[in-house]
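The data block below is my_file_35.txt; it holds compact mmCIF, C-alpha atoms.
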```txt
# COMPACT_ATOMS: atom_id res chain seq x y z
CA MET A 12 -13.07 12.20 -9.12
CA ARG A 13 -14.41 9.93 -6.38
CA ARG A 14 -10.92 8.48 -5.95
CA LEU A 15 -9.48 11.99 -5.61
CA ILE A 16 -12.07 12.98 -3.02
CA LEU A 17 -11.53 9.76 -1.05
CA CYS A 18 -7.76 10.28 -1.11
CA SER A 19 -8.16 13.89 0.00
CA VAL A 20 -10.30 12.76 2.93
CA ILE A 21 -7.78 10.06 3.89
CA PHE A 22 -4.83 12.43 3.50
CA PHE A 23 -6.29 15.09 5.75
CA ALA A 24 -7.62 12.52 8.20
CA VAL A 25 -4.11 11.05 8.52
CA ALA A 26 -2.66 14.53 9.01
CA ALA A 27 -5.32 15.40 11.57
CA GLY A 28 -4.85 12.07 13.34
CA SER A 29 -1.08 12.57 13.51
CA TRP A 30 -1.47 16.07 14.89
CA GLY A 31 -4.14 14.87 17.31
CA SER A 32 -1.94 12.04 18.57
CA LEU A 33 0.82 14.55 19.27
CA ARG A 34 -1.61 16.69 21.27
CA VAL A 35 -2.75 13.64 23.24
CA LEU A 36 0.86 12.63 23.89
CA LYS A 37 1.62 16.17 25.08
CA GLY A 38 -1.31 16.07 27.48
CA THR A 39 -0.45 12.65 28.88
CA THR A 40 3.24 13.53 29.19
CA GLU A 41 2.42 16.72 31.09
CA GLU A 42 0.10 14.83 33.44
CA LEU A 43 2.71 12.12 33.99
CA CYS A 44 5.36 14.74 34.74
CA ARG A 45 2.98 16.44 37.20
CA ARG A 46 2.48 13.19 39.07
CA ILE A 47 6.24 12.53 39.04
CA GLU A 48 6.74 16.00 40.53
CA ARG A 49 4.27 15.24 43.28
CA CYS A 50 6.22 12.08 44.12
CA ALA A 51 9.45 14.08 44.17
CA GLU A 52 7.96 16.78 46.42
CA ALA A 53 6.34 14.40 48.90
CA HIS A 54 8.09 14.78 52.28
CA ASP A 55 6.34 12.33 54.58
CA SER A 56 5.58 8.68 54.05
CA GLU A 57 1.80 9.18 53.81
CA SER A 58 1.91 11.82 51.07
CA ARG A 59 4.64 9.83 49.35
CA GLU A 60 2.47 6.73 49.38
CA THR A 61 -0.44 8.69 47.91
CA ALA A 62 1.71 10.29 45.23
CA VAL A 63 3.29 6.98 44.19
CA GLU A 64 -0.12 5.35 44.02
CA ALA A 65 -1.43 8.17 41.84
CA LEU A 66 1.58 7.76 39.55
CA GLU A 67 1.13 4.01 39.29
CA GLU A 68 -2.57 4.44 38.56
CA TYR A 69 -1.87 6.94 35.80
CA TRP A 70 0.91 4.85 34.30
CA ASP A 71 -1.46 2.38 32.59
CA SER A 72 -3.30 5.21 30.88
CA TYR A 73 -0.04 6.82 29.73
CA TYR A 74 1.27 3.46 28.48
CA SER A 75 -1.81 2.57 26.50
CA LYS A 76 -2.01 6.00 24.83
CA SER A 77 1.70 6.23 24.05
CA SER A 78 2.06 2.69 22.74
CA PHE A 79 0.13 3.65 19.60
CA ILE A 80 2.93 5.94 18.46
CA THR A 81 6.04 4.94 20.41
CA ARG A 82 8.32 1.95 20.28
CA SER A 83 7.40 -0.35 23.11
CA GLU A 84 11.03 -0.82 24.19
CA SER A 85 11.16 2.74 25.58
CA LEU A 86 7.89 2.26 27.40
CA GLU A 87 9.00 -1.07 28.83
CA ASP A 88 12.04 0.61 30.41
CA MET A 89 9.73 3.17 31.96
CA SER A 90 7.36 0.42 33.14
CA VAL A 91 10.22 -1.16 35.07
CA SER A 92 11.04 2.21 36.64
CA VAL A 93 7.43 2.75 37.73
CA ALA A 94 7.30 -0.75 39.16
CA VAL A 95 10.32 -0.18 41.44
CA ILE A 96 9.53 3.37 42.55
CA ARG A 97 7.45 2.18 45.48
CA HIS A 98 10.54 0.50 46.98
CA LYS A 99 12.96 3.39 46.49
CA TYR A 100 13.73 6.10 48.99
CA GLY A 101 15.73 9.28 49.29
CA GLU A 102 18.31 9.91 46.58
CA GLU A 103 17.53 6.67 44.76
CA LEU A 104 13.90 7.66 44.45
CA ALA A 105 14.83 11.14 43.26
CA ALA A 106 17.17 9.68 40.60
CA GLU A 107 14.55 7.20 39.44
CA LEU A 108 11.93 9.93 39.16
CA ARG A 109 14.33 12.19 37.26
CA ALA A 110 15.11 9.37 34.81
CA LEU A 111 11.42 8.66 34.35
CA ARG A 112 10.62 12.29 33.69
CA GLU A 113 13.49 12.58 31.24
CA ARG A 114 12.41 9.47 29.33
CA ALA A 115 8.86 10.80 29.05
CA ARG A 116 10.21 14.13 27.83
CA ILE A 117 12.42 12.39 25.24
CA ILE A 118 9.51 10.31 23.99
CA PHE A 119 7.48 13.45 23.44
CA GLU A 120 10.36 15.40 21.88
CA GLU A 121 11.04 12.54 19.45
CA GLN A 122 7.50 12.79 18.16
CA ARG A 123 7.64 16.53 17.57
CA PRO A 124 8.16 17.39 13.89
CA ARG A 125 11.39 19.38 14.20
CA LEU A 126 13.90 19.68 11.39
CA SER A 127 16.55 17.72 13.25
CA GLY A 128 14.07 14.94 13.87
CA VAL A 129 12.84 14.86 10.28
CA LEU A 130 16.33 14.87 8.80
CA MET B 21 -1.15 -1.46 38.36
CA ASN B 22 -0.32 -3.99 35.65
CA ILE B 23 3.18 -5.18 36.01
CA ARG B 24 4.66 -5.46 32.57
CA GLY B 25 7.71 -7.61 32.38
CA GLY B 26 8.07 -10.85 34.26
CA ILE B 27 6.39 -12.61 31.33
CA GLY B 28 8.16 -15.83 30.31
CA ASP B 29 10.05 -15.86 27.04
CA THR B 30 7.74 -18.50 25.58
CA ASN B 31 4.62 -16.51 26.37
CA ARG B 32 6.19 -13.40 24.89
CA GLU B 33 7.01 -15.28 21.69
CA VAL B 34 3.44 -16.55 21.43
CA ILE B 35 2.10 -13.04 21.98
CA ASN B 36 4.57 -11.74 19.38
CA LEU B 37 3.43 -14.41 16.91
CA LEU B 38 -0.18 -13.42 17.42
CA ILE B 39 0.68 -9.75 16.99
CA VAL B 40 2.62 -10.52 13.81
CA TYR B 41 -0.28 -12.60 12.52
CA ILE B 42 -2.86 -9.88 13.18
CA ARG B 43 -0.63 -7.16 11.74
CA ALA B 44 0.06 -9.22 8.63
CA VAL B 45 -3.67 -9.63 8.02
CA LEU B 46 -4.41 -5.95 8.66
CA LEU B 47 -1.58 -4.70 6.47
CA TYR B 48 -2.52 -7.10 3.70
CA ILE B 49 -6.04 -5.69 3.67
CA VAL B 50 -4.73 -2.12 3.79
CA ILE B 51 -2.29 -2.74 0.91
CA ILE B 52 -5.02 -4.32 -1.22
CA PHE B 53 -7.22 -1.32 -0.50
CA CYS B 54 -4.37 1.04 -1.36
CA VAL B 55 -3.52 -0.69 -4.64
CA ARG B 56 -7.20 -0.58 -5.60
CA LEU B 57 -7.29 3.07 -4.63
CA MET B 58 -4.33 3.81 -6.88
CA GLY B 59 -5.89 1.82 -9.73
CA LYS B 60 -2.71 -0.05 -10.55
CA ARG B 61 -2.12 -2.20 -13.62
CA GLN B 62 0.47 -4.96 -13.90
CA LEU B 63 4.05 -4.18 -12.94
CA GLY B 64 5.34 -3.97 -16.51
CA GLU B 65 3.10 -1.02 -17.32
CA LEU B 66 3.95 1.19 -14.36
CA GLN B 67 5.19 4.72 -14.78
CA PRO B 68 8.44 5.51 -12.90
CA SER B 69 6.63 7.27 -10.04
CA GLU B 70 4.20 4.38 -9.76
CA LEU B 71 7.03 1.86 -9.66
CA VAL B 72 8.66 3.85 -6.85
CA VAL B 73 5.41 3.89 -4.91
CA THR B 74 4.93 0.14 -5.35
CA ILE B 75 8.42 -0.64 -4.11
CA MET B 76 8.09 1.75 -1.17
CA LEU B 77 4.75 0.31 -0.14
CA SER B 78 6.08 -3.23 -0.06
CA ASN B 79 9.08 -2.19 2.03
CA ILE B 80 7.11 -0.08 4.47
CA ALA B 81 4.42 -2.71 4.92
CA THR B 82 6.93 -5.29 6.12
CA LEU B 83 8.43 -3.08 8.83
CA PRO B 84 5.66 -3.39 11.46
CA ILE B 85 5.34 -7.10 10.65
CA GLU B 86 9.04 -7.80 11.11
CA ASP B 87 9.39 -5.75 14.29
CA VAL B 88 6.50 -5.91 16.74
CA ASN B 89 8.06 -3.06 18.75
CA ILE B 90 7.20 -0.66 15.94
CA PRO B 91 3.65 0.68 16.34
CA LEU B 92 1.30 -0.33 13.53
CA ALA B 93 0.60 3.35 12.93
CA MET B 94 4.24 3.73 11.81
CA GLY B 95 3.38 1.52 8.86
CA LEU B 96 -0.16 2.67 8.15
CA ILE B 97 0.53 6.40 8.15
CA PRO B 98 3.32 6.41 5.53
CA ILE B 99 1.47 3.88 3.38
CA LEU B 100 -1.74 5.92 3.29
CA THR B 101 0.18 9.18 2.83
CA ILE B 102 2.22 7.85 -0.10
CA VAL B 103 -0.84 6.35 -1.78
CA CYS B 104 -2.77 9.62 -1.47
CA LEU B 105 0.18 11.59 -2.85
CA ASP B 106 0.40 9.17 -5.76
CA VAL B 107 -3.26 9.68 -6.59
CA PHE B 108 -2.92 13.48 -6.29
CA PHE B 109 0.09 13.49 -8.61
CA SER B 110 -1.60 11.19 -11.07
CA TYR B 111 -4.48 13.65 -11.33
CA LEU B 112 -2.00 16.48 -11.74
CA THR B 113 -0.23 14.64 -14.56
CA MET B 114 -3.61 14.12 -16.19
CA LYS B 115 -4.38 17.83 -16.07
CA SER B 116 -0.93 19.24 -16.83
CA GLY B 117 1.44 18.15 -19.58
CA ALA B 118 4.35 19.93 -17.90
CA VAL B 119 3.86 17.99 -14.66
CA ARG B 120 3.47 14.78 -16.64
CA ARG B 121 6.77 15.38 -18.42
CA LEU B 122 8.46 16.21 -15.12
CA LEU B 123 7.23 13.11 -13.30
CA CYS B 124 6.98 10.54 -16.08
CA GLY B 125 9.20 11.87 -18.84
CA SER B 126 8.14 11.57 -22.44
CA PRO B 127 8.46 8.83 -25.04
CA LYS B 128 11.70 8.93 -27.01
CA VAL B 129 12.10 8.00 -30.66
CA LEU B 130 14.79 5.41 -31.35
CA ILE B 131 14.06 4.59 -34.95
CA SER B 132 12.35 7.01 -37.28
CA ASN B 133 11.69 6.50 -41.00
CA GLY B 134 13.64 3.27 -40.74
CA LYS B 135 16.76 5.11 -39.52
CA LEU B 136 18.27 4.35 -36.10
CA ASP B 137 19.09 7.39 -33.95
CA GLN B 138 22.37 6.41 -32.30
CA ASN B 139 22.53 9.62 -30.25
CA ALA B 140 19.14 8.80 -28.75
CA MET B 141 20.41 5.33 -27.87
CA ARG B 142 23.41 6.82 -26.11
CA ARG B 143 21.25 9.31 -24.21
CA LEU B 144 18.92 6.53 -23.10
CA ARG B 145 21.87 4.25 -22.29
CA PHE B 146 20.35 1.66 -24.55
CA THR B 147 22.71 -0.98 -25.81
CA VAL B 148 22.33 -2.84 -29.09
CA ASP B 149 21.48 -5.95 -27.06
CA ASP B 150 18.68 -4.05 -25.29
CA LEU B 151 17.32 -2.86 -28.61
CA PHE B 152 17.33 -6.26 -30.28
CA GLU B 153 15.85 -7.92 -27.20
CA ALA B 154 12.98 -5.42 -27.25
CA LEU B 155 12.45 -5.93 -30.99
CA ARG B 156 12.38 -9.72 -30.61
CA ALA B 157 9.77 -9.33 -27.86
CA GLN B 158 7.64 -7.61 -30.52
CA GLN B 159 8.28 -10.50 -32.94
CA VAL B 160 10.63 -8.39 -35.07
CA PHE B 161 13.91 -10.14 -35.91
CA ASP B 162 15.18 -7.83 -38.61
CA ILE B 163 15.88 -4.19 -37.74
CA SER B 164 15.53 -3.20 -41.38
CA GLN B 165 11.81 -4.02 -41.13
CA VAL B 166 11.22 -1.33 -38.51
CA GLN B 167 9.69 1.96 -39.62
CA LEU B 168 9.34 3.53 -36.15
CA ALA B 169 10.46 2.45 -32.69
CA MET B 170 9.77 4.44 -29.52
CA VAL B 171 10.83 3.94 -25.94
CA GLU B 172 7.81 4.58 -23.75
CA THR B 173 7.98 6.19 -20.31
CA THR B 174 7.49 2.76 -18.77
CA GLY B 175 10.67 1.54 -20.48
CA GLN B 176 8.85 -0.64 -23.00
CA ILE B 177 9.59 -0.29 -26.67
CA SER B 178 6.76 0.14 -29.15
CA VAL B 179 7.50 -0.92 -32.70
CA TYR B 180 5.78 -0.02 -35.97
CA VAL B 181 7.02 -2.19 -38.86
CA LYS B 182 7.14 -1.06 -42.46
CA LYS B 183 3.96 -1.63 -44.46
CA GLU B 184 5.45 -4.33 -46.65
CA PHE B 185 6.19 -6.42 -43.56
CA GLN B 186 2.87 -5.92 -41.79
CA PRO B 187 0.48 -8.89 -41.63
CA VAL B 188 -2.23 -8.93 -44.23
CA THR B 189 -5.66 -7.95 -42.94
CA LEU B 190 -9.17 -8.52 -44.26
CA GLY B 191 -9.23 -4.87 -45.23
CA ASP B 192 -6.17 -5.38 -47.45
CA LEU B 193 -7.95 -8.26 -49.22
CA GLY B 194 -11.04 -6.14 -49.73
CA GLU B 195 -13.09 -8.40 -47.45
CA GLN B 196 -15.78 -6.75 -45.36
CA GLU B 197 -16.73 -8.21 -42.00
CA ASP B 198 -19.05 -6.72 -39.39
CA ASP B 199 -17.19 -5.44 -36.39
CA GLY B 200 -18.05 -7.13 -33.15
CA ASP B 201 -16.74 -7.41 -29.64
CA PRO B 202 -15.07 -10.67 -28.64
CA PRO B 203 -17.13 -13.27 -26.72
CA VAL B 204 -18.13 -12.42 -23.16
CA VAL B 205 -18.07 -14.91 -20.29
CA LEU B 206 -21.65 -15.33 -19.10
CA ILE B 207 -21.30 -18.18 -16.60
CA GLU B 208 -18.24 -18.96 -14.50
CA ASP B 209 -18.20 -22.23 -12.56
CA GLY B 210 -21.99 -22.40 -12.30
CA VAL B 211 -22.48 -18.74 -11.37
CA LEU B 212 -23.90 -16.09 -13.67
CA VAL B 213 -21.46 -13.19 -14.12
CA ARG B 214 -23.08 -9.91 -13.08
CA GLY B 215 -23.69 -7.53 -15.95
CA ALA B 216 -22.60 -10.05 -18.61
CA LEU B 217 -26.06 -10.58 -20.12
CA SER B 218 -26.57 -6.86 -20.64
CA ARG B 219 -23.20 -6.61 -22.40
CA VAL B 220 -24.37 -9.08 -25.06
CA LYS B 221 -27.86 -7.55 -25.06
CA ARG B 222 -29.58 -10.70 -23.85
CA ASP B 223 -31.82 -11.51 -20.89
CA GLY B 224 -32.48 -14.28 -18.39
CA LYS B 225 -35.18 -15.90 -20.50
CA TRP B 226 -32.84 -16.23 -23.46
CA LEU B 227 -30.24 -17.77 -21.17
CA LYS B 228 -32.70 -20.35 -19.83
CA ARG B 229 -33.80 -21.27 -23.38
CA THR B 230 -30.22 -21.60 -24.58
CA LEU B 231 -29.21 -23.75 -21.63
CA ALA B 232 -32.33 -25.90 -22.05
CA LYS B 233 -31.31 -26.60 -25.66
CA GLU B 234 -27.95 -27.86 -24.32
CA GLY B 235 -29.78 -29.90 -21.69
CA VAL B 236 -28.11 -28.20 -18.74
CA THR B 237 -28.88 -25.76 -15.99
CA GLU B 238 -26.79 -22.80 -14.92
CA GLN B 239 -25.20 -24.80 -12.10
CA ASP B 240 -24.06 -27.52 -14.51
CA VAL B 241 -22.04 -25.10 -16.64
CA PHE B 242 -18.32 -24.55 -16.07
CA ILE B 243 -17.87 -21.85 -18.73
CA MET B 244 -20.39 -20.25 -21.04
CA THR B 245 -19.49 -17.51 -23.49
CA CYS B 246 -21.54 -15.53 -25.96
CA ASP B 247 -20.56 -13.03 -28.64
CA GLY B 248 -22.54 -10.10 -30.06
CA SER B 249 -24.16 -12.27 -32.76
CA GLY B 250 -25.58 -14.68 -30.16
CA LYS B 251 -23.14 -17.51 -30.87
CA THR B 252 -22.58 -19.40 -27.61
CA THR B 253 -19.97 -21.82 -26.33
CA VAL B 254 -20.91 -24.01 -23.36
CA LEU B 255 -18.49 -26.16 -21.38
CA LYS B 256 -20.17 -28.43 -18.87
CA LYS B 257 -18.69 -29.22 -15.48
CA GLU B 258 -16.85 -32.50 -15.29
CA LYS B 259 -18.57 -35.09 -13.12
CA ASN B 260 -15.62 -35.81 -10.78
CA ARG B 261 -15.13 -32.11 -9.69
```

Write out the structure in this file as structure tokens.
Amino acid sequence: MRRLILCSVIFFAVAAGSWGSLRVLKGTTEELCRRIERCAEAHDSESRETAVEALEEYWDSYYSKSSFITRSESLEDMSVSVAVIRHKYGEELAAELRALRERARIIFEEQRPRLSGVL
Amino acid sequence: MNIRGGIGDTNREVINLLIVYIRAVLLYIVIIFCVRLMGKRQLGELQPSELVVTIMLSNIATLPIEDVNIPLAMGLIPILTIVCLDVFFSYLTMKSGAVRRLLCGSPKVLISNGKLDQNAMRRLRFTVDDLFEALRAQQVFDISQVQLAMVETTGQISVYVKKEFQPVTLGDLGEQEDDGDPPVVLIEDGVLVRGALSRVKRDGKWLKRTLAKEGVTEQDVFIMTCDGSGKTTVLKKEKNR
């Protein structure tokens, strides 16, 4: 009986942990996308500088939280993008930000338990 | 901001080696814990579902060790989930005969009343070679000696030979002997085994007296056994160990 109770606790803890990690990933992805949007909407160099800095600062937090449940190859690609954003301007910057946002969205969508993902 | 990338290949390999090392240790501990949780016996006695679980666990456990890009959670979560499901189903099979038959099957009779059921052999896809191999493993070399043979759900064959071919026992000779448990190991490599003295209904004082008669202390003993009647066997440690 003790074994059954212990297994029940572990089973539901794993389920709760998995669900919780998805919620955390959702929150961090939304925050990352917000900061990407701010970079995209920045019109002058000062606000751009502030927005990029905020994105870079948040990137470490996003990376460390996502790396528990995501393959590190995807995150490494995004790390490179974040590293070069500071030196991009105009259309190049917009493209880089779009790619970054899309990768973050894909990472989150891959973790969602949809039928197509499960099968 | 930490700049990831720009790390030399050699450093990355060293980091990967360390990660693999740590993951191997963690997963080893988790697998041991899981196998203890499932209460497994040796491989040859596993039910089909248990065999599947064992194989799956070993495959899943190697994934995060082989590929450091895979998060450790991708190994731990399926392992823990499968183990818990196995324990749940094992309790279900204990409570319900229908579930047990569904998951484990039921034993099948191959030989009954000394007569081989060839249809059963065909259904089980048992060849004559398989049958004779299983009989030889049970020290039976003549099929005509078999009264009953059953294929268990683990795939093993249990054999009951005809009475005239069964070994003679004390009961057959009319001899009466008191029943008793086999000897229990009391001391292993100089250390007293916990709970052993109570199993033979003895205490520490008795142990000291017995060892004193042999002229040894507990630390000098390699193996000491005792049966229910108090008969002891003491093997001393060799001097050059």

Please determine the contact residues of chain A with respect to chain B at a cut-off of 10 Å, counting only C-alpha atoms, and supply them as a PyMOL selection string.
chain A and resi 12+14-23+25-26+28-29+64+66-71+77-88+90-91+93-94

Considering only C-alpha atoms, return as a PyMOL selection string whatever protein or nucleic-acid residues lie within 12 Å of region 119-123 of chain A, sequence-local ones (same chain, fewer than 3 positions apart) excluded.
(chain A and resi 29-41+43-44+73+77+79-82+85-86+112-116+126-129) or (chain B and resi 94)

Produce a file of the selected residues containing C-alpha atoms, as a compact mmCIF listing (two decimals), in the frame of the given file.
```
# COMPACT_ATOMS: atom_id res chain seq x y z
CA SER A 29 -1.08 12.57 13.51
CA TRP A 30 -1.47 16.07 14.89
CA GLY A 31 -4.14 14.87 17.31
CA SER A 32 -1.94 12.04 18.57
CA LEU A 33 0.82 14.55 19.27
CA ARG A 34 -1.61 16.69 21.27
CA VAL A 35 -2.75 13.64 23.24
CA LEU A 36 0.86 12.63 23.89
CA LYS A 37 1.62 16.17 25.08
CA GLY A 38 -1.31 16.07 27.48
CA THR A 39 -0.45 12.65 28.88
CA THR A 40 3.24 13.53 29.19
CA GLU A 41 2.42 16.72 31.09
CA LEU A 43 2.71 12.12 33.99
CA CYS A 44 5.36 14.74 34.74
CA TYR A 73 -0.04 6.82 29.73
CA SER A 77 1.70 6.23 24.05
CA PHE A 79 0.13 3.65 19.60
CA ILE A 80 2.93 5.94 18.46
CA THR A 81 6.04 4.94 20.41
CA ARG A 82 8.32 1.95 20.28
CA SER A 85 11.16 2.74 25.58
CA LEU A 86 7.89 2.26 27.40
CA ARG A 112 10.62 12.29 33.69
CA GLU A 113 13.49 12.58 31.24
CA ARG A 114 12.41 9.47 29.33
CA ALA A 115 8.86 10.80 29.05
CA ARG A 116 10.21 14.13 27.83
CA LEU A 126 13.90 19.68 11.39
CA SER A 127 16.55 17.72 13.25
CA GLY A 128 14.07 14.94 13.87
CA VAL A 129 12.84 14.86 10.28
CA MET B 94 4.24 3.73 11.81
```

From the set A:Tyr74, A:Ala65, A:Ala51, A:Ile118, which residue has the shortest atom-to-atom contact distance to Leu104 (chain A), counting all atoms listed in the file?
A:Ala51

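Interatomic distance, CA of Leu122 (chain B) against CA of Glu172 (chain B): 14.5 Å.
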
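In this structure, CA of Ser164 (chain B) sits 25.4 Å away from CA of Leu190 (chain B).
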